[in-house]
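K.L.:
My structure is in entry_19.pdb, and what it holds is PDB, C-alpha atoms:
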ATOM      1  CA  LEU A   1    -134.759  56.350   4.497  1.00  0.00           C
ATOM      2  CA  VAL A   2    -132.486  59.373   4.143  1.00  0.00           C
ATOM      3  CA  PHE A   3    -130.744  60.693   1.058  1.00  0.00           C
ATOM      4  CA  SER A   4    -127.753  62.996   0.892  1.00  0.00           C
ATOM      5  CA  PHE A   5    -125.135  64.260  -1.507  1.00  0.00           C
ATOM      6  CA  VAL A   6    -121.790  62.501  -1.094  1.00  0.00           C
ATOM      7  CA  ALA A   7    -118.311  62.920  -2.523  1.00  0.00           C
ATOM      8  CA  ASN A   8    -117.607  60.953  -5.690  1.00  0.00           C
ATOM      9  CA  ASN A   9    -113.994  60.185  -4.790  1.00  0.00           C
ATOM     10  CA  VAL A  10    -114.725  57.817  -1.901  1.00  0.00           C
ATOM     11  CA  VAL A  11    -115.261  54.063  -1.852  1.00  0.00           C
ATOM     12  CA  TYR A  12    -118.461  53.304   0.103  1.00  0.00           C
ATOM     13  CA  SER A  13    -119.571  50.065   1.731  1.00  0.00           C
ATOM     14  CA  ASP A  14    -121.489  47.539  -0.319  1.00  0.00           C
ATOM     15  CA  ALA A  15    -124.636  48.387   1.688  1.00  0.00           C
ATOM     16  CA  THR A  16    -124.553  51.994   0.494  1.00  0.00           C
ATOM     17  CA  VAL A  17    -126.496  52.813  -2.646  1.00  0.00           C
ATOM     18  CA  ALA A  18    -125.123  55.750  -4.645  1.00  0.00           C
ATOM     19  CA  PHE A  19    -126.772  57.428  -7.619  1.00  0.00           C
ATOM     20  CA  ALA A  20    -125.411  59.987 -10.061  1.00  0.00           C
ATOM     21  CA  LEU A  21    -128.308  62.426 -10.212  1.00  0.00           C
ATOM     22  CA  GLY A  22    -128.942  65.863 -11.631  1.00  0.00           C
ATOM     23  CA  GLY A  23    -129.536  68.039  -8.637  1.00  0.00           C
ATOM     24  CA  PHE A  24    -131.571  69.313  -5.754  1.00  0.00           C
ATOM     25  CA  HIS A  25    -134.943  68.408  -7.274  1.00  0.00           C
ATOM     26  CA  ASP A  26    -133.828  64.757  -7.198  1.00  0.00           C
ATOM     27  CA  LEU A  27    -132.989  65.099  -3.496  1.00  0.00           C
ATOM     28  CA  ALA A  28    -136.421  66.578  -2.810  1.00  0.00           C
ATOM     29  CA  ILE A  29    -138.265  63.858  -4.737  1.00  0.00           C
ATOM     30  CA  LEU A  30    -136.310  60.978  -3.203  1.00  0.00           C
ATOM     31  CA  GLN A  31    -136.545  62.449   0.311  1.00  0.00           C
ATOM     32  CA  SER A  32    -140.308  62.940   0.012  1.00  0.00           C
ATOM     33  CA  ASN A  33    -142.774  60.780   1.901  1.00  0.00           C
ATOM     34  CA  ILE A  34    -144.234  59.929  -1.499  1.00  0.00           C
ATOM     35  CA  HIS A  35    -141.019  58.146  -2.488  1.00  0.00           C
ATOM     36  CA  GLY A  36    -140.734  56.786   1.063  1.00  0.00           C
ATOM     37  CA  ALA A  37    -144.150  55.128   0.773  1.00  0.00           C
ATOM     38  CA  PHE A  38    -143.066  53.521  -2.496  1.00  0.00           C
ATOM     39  CA  ALA A  39    -139.731  52.386  -1.035  1.00  0.00           C
ATOM     40  CA  TRP A  40    -141.284  50.752   2.031  1.00  0.00           C
ATOM     41  CA  GLN A  41    -143.898  49.034  -0.153  1.00  0.00           C
ATOM     42  CA  PHE A  42    -141.550  47.649  -2.795  1.00  0.00           C
ATOM     43  CA  GLY A  43    -138.154  47.452  -1.089  1.00  0.00           C
ATOM     44  CA  SER A  44    -136.982  44.311   0.631  1.00  0.00           C
ATOM     45  CA  ARG A  45    -136.178  43.953   4.336  1.00  0.00           C
ATOM     46  CA  LEU A  46    -133.302  42.723   6.429  1.00  0.00           C
ATOM     47  CA  LYS A  47    -135.064  41.905   9.692  1.00  0.00           C
ATOM     48  CA  THR A  48    -137.032  45.164  10.109  1.00  0.00           C
ATOM     49  CA  ASP A  49    -134.631  47.424   8.191  1.00  0.00           C
ATOM     50  CA  LEU A  50    -135.399  48.639   4.693  1.00  0.00           C
ATOM     51  CA  ARG A  51    -133.025  47.337   2.033  1.00  0.00           C
ATOM     52  CA  TYR A  52    -133.177  49.986  -0.661  1.00  0.00           C
ATOM     53  CA  SER A  53    -132.136  48.379  -3.920  1.00  0.00           C
ATOM     54  CA  PRO A  54    -132.027  50.119  -7.284  1.00  0.00           C
ATOM     55  CA  THR A  55    -133.813  47.282  -9.079  1.00  0.00           C
ATOM     56  CA  ASP A  56    -136.694  47.027  -6.579  1.00  0.00           C
ATOM     57  CA  VAL A  57    -137.183  50.683  -5.691  1.00  0.00           C
ATOM     58  CA  PHE A  58    -135.234  53.284  -7.649  1.00  0.00           C
ATOM     59  CA  ASP A  59    -135.605  51.936 -11.197  1.00  0.00           C
ATOM     60  CA  PRO A  60    -139.367  51.263 -11.077  1.00  0.00           C
ATOM     61  CA  PHE A  61    -140.183  54.465  -9.141  1.00  0.00           C
ATOM     62  CA  PRO A  62    -142.336  56.606 -11.445  1.00  0.00           C
ATOM     63  CA  TYR A  63    -140.559  59.970 -11.391  1.00  0.00           C
ATOM     64  CA  PRO A  64    -142.817  62.982 -11.946  1.00  0.00           C
ATOM     65  CA  ASP A  65    -142.698  64.666 -15.339  1.00  0.00           C
ATOM     66  CA  GLU A  66    -139.488  66.729 -15.602  1.00  0.00           C
ATOM     67  CA  THR A  67    -141.414  69.416 -17.506  1.00  0.00           C
ATOM     68  CA  SER A  68    -143.751  69.942 -14.561  1.00  0.00           C
ATOM     69  CA  GLY A  69    -143.776  73.495 -13.275  1.00  0.00           C
ATOM     70  CA  GLU A  70    -143.064  72.049  -9.853  1.00  0.00           C
ATOM     71  CA  ILE A  71    -139.530  70.936 -10.783  1.00  0.00           C
ATOM     72  CA  SER A  72    -138.137  74.447 -10.199  1.00  0.00           C
ATOM     73  CA  VAL A  73    -140.009  74.565  -6.874  1.00  0.00           C
ATOM     74  CA  LEU A  74    -138.519  71.173  -5.982  1.00  0.00           C
ATOM     75  CA  LYS A  75    -135.022  72.421  -6.871  1.00  0.00           C
ATOM     76  CA  ASN A  76    -135.421  75.286  -4.420  1.00  0.00           C
ATOM     77  CA  LEU A  77    -136.903  73.060  -1.716  1.00  0.00           C
ATOM     78  CA  GLY A  78    -134.187  70.426  -2.206  1.00  0.00           C
ATOM     79  CA  LYS A  79    -131.457  73.056  -1.857  1.00  0.00           C
ATOM     80  CA  CYS A  80    -133.141  74.466   1.224  1.00  0.00           C
ATOM     81  CA  LEU A  81    -133.395  70.966   2.739  1.00  0.00           C
ATOM     82  CA  HIS A  82    -129.743  70.252   1.988  1.00  0.00           C
ATOM     83  CA  ASP A  83    -128.537  73.579   3.393  1.00  0.00           C
ATOM     84  CA  ASN A  84    -130.743  73.513   6.515  1.00  0.00           C
ATOM     85  CA  ARG A  85    -129.823  69.940   7.401  1.00  0.00           C
ATOM     86  CA  LYS A  86    -126.128  70.632   6.881  1.00  0.00           C
ATOM     87  CA  GLU A  87    -126.236  73.808   8.966  1.00  0.00           C
ATOM     88  CA  MET A  88    -128.012  72.064  11.852  1.00  0.00           C
ATOM     89  CA  MET A  89    -125.756  69.000  11.730  1.00  0.00           C
ATOM     90  CA  ASP A  90    -122.619  71.166  11.672  1.00  0.00           C
ATOM     91  CA  ARG A  91    -123.886  73.410  14.474  1.00  0.00           C
ATOM     92  CA  GLU A  92    -124.897  70.532  16.734  1.00  0.00           C
ATOM     93  CA  ASN A  93    -122.202  68.071  15.623  1.00  0.00           C
ATOM     94  CA  ILE A  94    -124.681  65.334  14.724  1.00  0.00           C
ATOM     95  CA  GLY A  95    -125.264  63.145  11.680  1.00  0.00           C
ATOM     96  CA  LEU A  96    -128.341  62.448   9.578  1.00  0.00           C
ATOM     97  CA  THR A  97    -129.518  59.556  11.750  1.00  0.00           C
ATOM     98  CA  LYS A  98    -129.599  61.637  14.945  1.00  0.00           C
ATOM     99  CA  LEU A  99    -131.169  64.550  13.069  1.00  0.00           C
ATOM    100  CA  TYR A 100    -134.021  62.406  11.738  1.00  0.00           C
ATOM    101  CA  LYS A 101    -134.584  60.803  15.146  1.00  0.00           C
ATOM    102  CA  ARG A 102    -135.224  64.348  16.358  1.00  0.00           C
ATOM    103  CA  ILE A 103    -137.579  65.094  13.458  1.00  0.00           C
ATOM    104  CA  HIS A 104    -139.624  62.015  14.384  1.00  0.00           C
ATOM    105  CA  ASN A 105    -139.652  62.880  18.108  1.00  0.00           C
ATOM    106  CA  ASN A 106    -142.878  64.772  18.788  1.00  0.00           C
ATOM    107  CA  LEU A 107    -141.345  66.421  21.871  1.00  0.00           C
ATOM    108  CA  ASP A 108    -138.529  68.130  19.926  1.00  0.00           C
ATOM    109  CA  GLU A 109    -139.740  71.503  18.653  1.00  0.00           C
ATOM    110  CA  SER A 110    -136.250  72.643  17.574  1.00  0.00           C
ATOM    111  CA  VAL A 111    -136.665  70.840  14.237  1.00  0.00           C
ATOM    112  CA  GLU A 112    -140.104  72.211  13.376  1.00  0.00           C
ATOM    113  CA  ASP A 113    -138.635  74.181  10.448  1.00  0.00           C
ATOM    114  CA  LEU A 114    -137.321  70.922   8.958  1.00  0.00           C
ATOM    115  CA  ARG A 115    -140.703  69.256   9.461  1.00  0.00           C
ATOM    116  CA  ALA A 116    -142.345  72.194   7.655  1.00  0.00           C
ATOM    117  CA  LEU A 117    -139.817  71.848   4.843  1.00  0.00           C
ATOM    118  CA  HIS A 118    -140.674  68.151   4.490  1.00  0.00           C
ATOM    119  CA  ARG A 119    -144.379  69.056   4.329  1.00  0.00           C
ATOM    120  CA  ASP A 120    -143.635  71.596   1.586  1.00  0.00           C
ATOM    121  CA  ILE A 121    -141.606  69.009  -0.346  1.00  0.00           C
ATOM    122  CA  ASP A 122    -144.421  66.460  -0.125  1.00  0.00           C
ATOM    123  CA  LEU A 123    -146.947  69.033  -1.337  1.00  0.00           C
ATOM    124  CA  ALA A 124    -144.703  70.018  -4.268  1.00  0.00           C
ATOM    125  CA  VAL A 125    -144.118  66.371  -5.207  1.00  0.00           C
ATOM    126  CA  THR A 126    -147.837  65.573  -5.175  1.00  0.00           C
ATOM    127  CA  ALA A 127    -148.427  68.719  -7.282  1.00  0.00           C
ATOM    128  CA  ALA A 128    -145.758  67.513  -9.740  1.00  0.00           C
ATOM    129  CA  TYR A 129    -147.800  64.337 -10.178  1.00  0.00           C
ATOM    130  CA  GLY A 130    -151.003  66.362 -10.559  1.00  0.00           C
ATOM    131  CA  TRP A 131    -152.461  64.977  -7.335  1.00  0.00           C
ATOM    132  CA  SER A 132    -154.212  68.014  -5.938  1.00  0.00           C
ATOM    133  CA  ASP A 133    -156.949  65.969  -4.292  1.00  0.00           C
ATOM    134  CA  ILE A 134    -154.879  63.965  -1.779  1.00  0.00           C
ATOM    135  CA  GLU A 135    -155.010  65.211   1.811  1.00  0.00           C
ATOM    136  CA  LEU A 136    -151.572  64.217   3.114  1.00  0.00           C
ATOM    137  CA  GLY A 137    -152.401  64.515   6.818  1.00  0.00           C
ATOM    138  CA  HIS A 138    -148.867  65.187   8.080  1.00  0.00           C
ATOM    139  CA  ASP A 139    -148.531  64.388  11.753  1.00  0.00           C
ATOM    140  CA  PHE A 140    -146.899  61.921  14.099  1.00  0.00           C
ATOM    141  CA  HIS A 141    -148.261  58.561  12.973  1.00  0.00           C
ATOM    142  CA  GLU A 142    -147.574  55.033  14.099  1.00  0.00           C
ATOM    143  CA  VAL A 143    -146.477  53.042  11.055  1.00  0.00           C
ATOM    144  CA  ASP A 144    -146.799  49.276  10.917  1.00  0.00           C
ATOM    145  CA  TYR A 145    -143.711  48.619   8.794  1.00  0.00           C
ATOM    146  CA  LEU A 146    -141.302  49.538  11.622  1.00  0.00           C
ATOM    147  CA  PRO A 147    -140.432  47.639  14.826  1.00  0.00           C
ATOM    148  CA  ASP A 148    -142.951  47.881  17.671  1.00  0.00           C
ATOM    149  CA  SER A 149    -140.481  49.838  19.805  1.00  0.00           C
ATOM    150  CA  ASP A 150    -139.904  52.563  17.186  1.00  0.00           C
ATOM    151  CA  ARG A 151    -143.031  53.048  15.075  1.00  0.00           C
ATOM    152  CA  VAL A 152    -143.868  56.733  15.455  1.00  0.00           C
ATOM    153  CA  ARG A 153    -142.788  58.907  12.541  1.00  0.00           C
ATOM    154  CA  TYR A 154    -143.546  62.409  11.378  1.00  0.00           C
ATOM    155  CA  THR A 155    -145.062  61.428   8.057  1.00  0.00           C
ATOM    156  CA  ILE A 156    -148.181  61.368   5.924  1.00  0.00           C
ATOM    157  CA  SER A 157    -151.305  59.560   7.078  1.00  0.00           C
ATOM    158  CA  GLU A 158    -151.960  55.912   6.320  1.00  0.00           C
ATOM    159  CA  ASP A 159    -154.910  56.930   4.118  1.00  0.00           C
ATOM    160  CA  ALA A 160    -152.635  59.230   2.077  1.00  0.00           C
ATOM    161  CA  ARG A 161    -149.978  56.522   1.815  1.00  0.00           C
ATOM    162  CA  PHE A 162    -152.583  54.036   0.561  1.00  0.00           C
ATOM    163  CA  GLU A 163    -153.940  56.537  -1.999  1.00  0.00           C
ATOM    164  CA  ILE A 164    -150.428  57.368  -3.262  1.00  0.00           C
ATOM    165  CA  LEU A 165    -149.573  53.701  -3.699  1.00  0.00           C
ATOM    166  CA  HIS A 166    -152.878  53.113  -5.465  1.00  0.00           C
TER     167      HIS A 166
END
As a first step, turn the structure in this file into structure tokens.
P.N.:
Amino acid sequence: LVFSFVANNVVYSDATVAFALGGFHDLAILQSNIHGAFAWQFGSRLKTDLRYSPTDVFDPFPYPDETSGEISVLKNLGKCLHDNRKEMMDRENIGLTKLYKRIHNNLDESVEDLRALHRDIDLAVTAAYGWSDIELGHDFHEVDYLPDSDRVRYTISEDARFEILH
């Protein structure tokens, strides 16, 4: 589940979901593990792949209050995420899929700054909801909603995911 800004003058495949959104805070919120937990819970599947549909995931997702003091923090974090990912992908001539495979590989320390950025985003998103009491437990966790051969992700703990969904 990866979000990115794309050009608005291109015709994308029918499997691509595009949204007209306001800015970097939207990128941060949608790229957070908080939104990811919601998407994997309420999205449909094609075999083991997530099918992210606006009606099942985006529309019912309860966005944090736009007047939250964390929105400006999320704007900065979203811009930082966008810029850092772009810089690394350009430098190493890779795309988002290969970049995120590296983020989820516990042997690859070259992406630790991006992991830290994702932790900061998750903390800012939970603060935007007023959830100061949830211990997110970021680490490499095996998640049961992925195929047996590819279940380890750098993400929040199962307990945190359950509490967020609750």
K.L.:
What would the selection look like, as a PyMOL selection string, if the PyMOL selection byres ((chain A and resi 57) around 10) were run on the coordinates I just shared?
P.N.:
chain A and resi 35-36+38-44+51-56+58-62
K.L.:
Using all atoms listed in the file, which of A:Pro147, A:Pro64, A:Gly78, A:Gly69 sits nearest Ile34 in chain A?
P.N.:
A:Pro64
K.L.:
So how many Å separate CA of Asp139 in chain A and CA of Phe162 in chain A, to one decimal?
P.N.:
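Separating CA of Asp139 in chain A from CA of Phe162 in chain A is a distance of 15.8 Å.
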K.L.:
Can you give me, as number ranges by chain, the residues this file yields under the PyMOL selection byres ((chain A and resi 15) around 12)?
P.N.:
A: 11-14, 16-18, 46, 49-54
K.L.:
When distances are computed from all atoms listed in the file, which of A:Val111, A:Val10, A:Leu99, A:Leu77 shows the smallest separation from Leu123 in chain A?
P.N.:
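Nearest to Leu123 in chain A: A:Leu77.
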K.L.:
Between A:Cys80, A:Gly23, A:Glu163, A:Asn33, which one has atoms that come closest to Asp133 in chain A, using only C-alpha atoms?
P.N.:
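Using only C-alpha atoms, Asp133 in chain A sits closest to A:Glu163.
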K.L.:
In Å, how far is it from CA of Ile71 in chain A to CA of Ser32 in chain A?
P.N.:
13.5 Å
K.L.:
Given the file above and the PyMOL selection byres ((chain A and resi 136) around 6), which residues are selected, and can you give them as a count of residues only?
P.N.:
6
K.L.:
Which is closest to Val2 in chain A among A:Leu74, A:Met88, A:Leu96, A:Ala124, if we use all atoms listed in the file?
P.N.:
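For Val2 in chain A, the nearest of the given residues is A:Leu96.
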K.L.:
Which is closest to Val125 in chain A among A:Arg153, A:His25, A:His166, A:Arg45, if we use only C-alpha atoms?
P.N.:
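Nearest candidate to Val125 in chain A out of A:Arg153, A:His25, A:His166, A:Arg45: A:His25.
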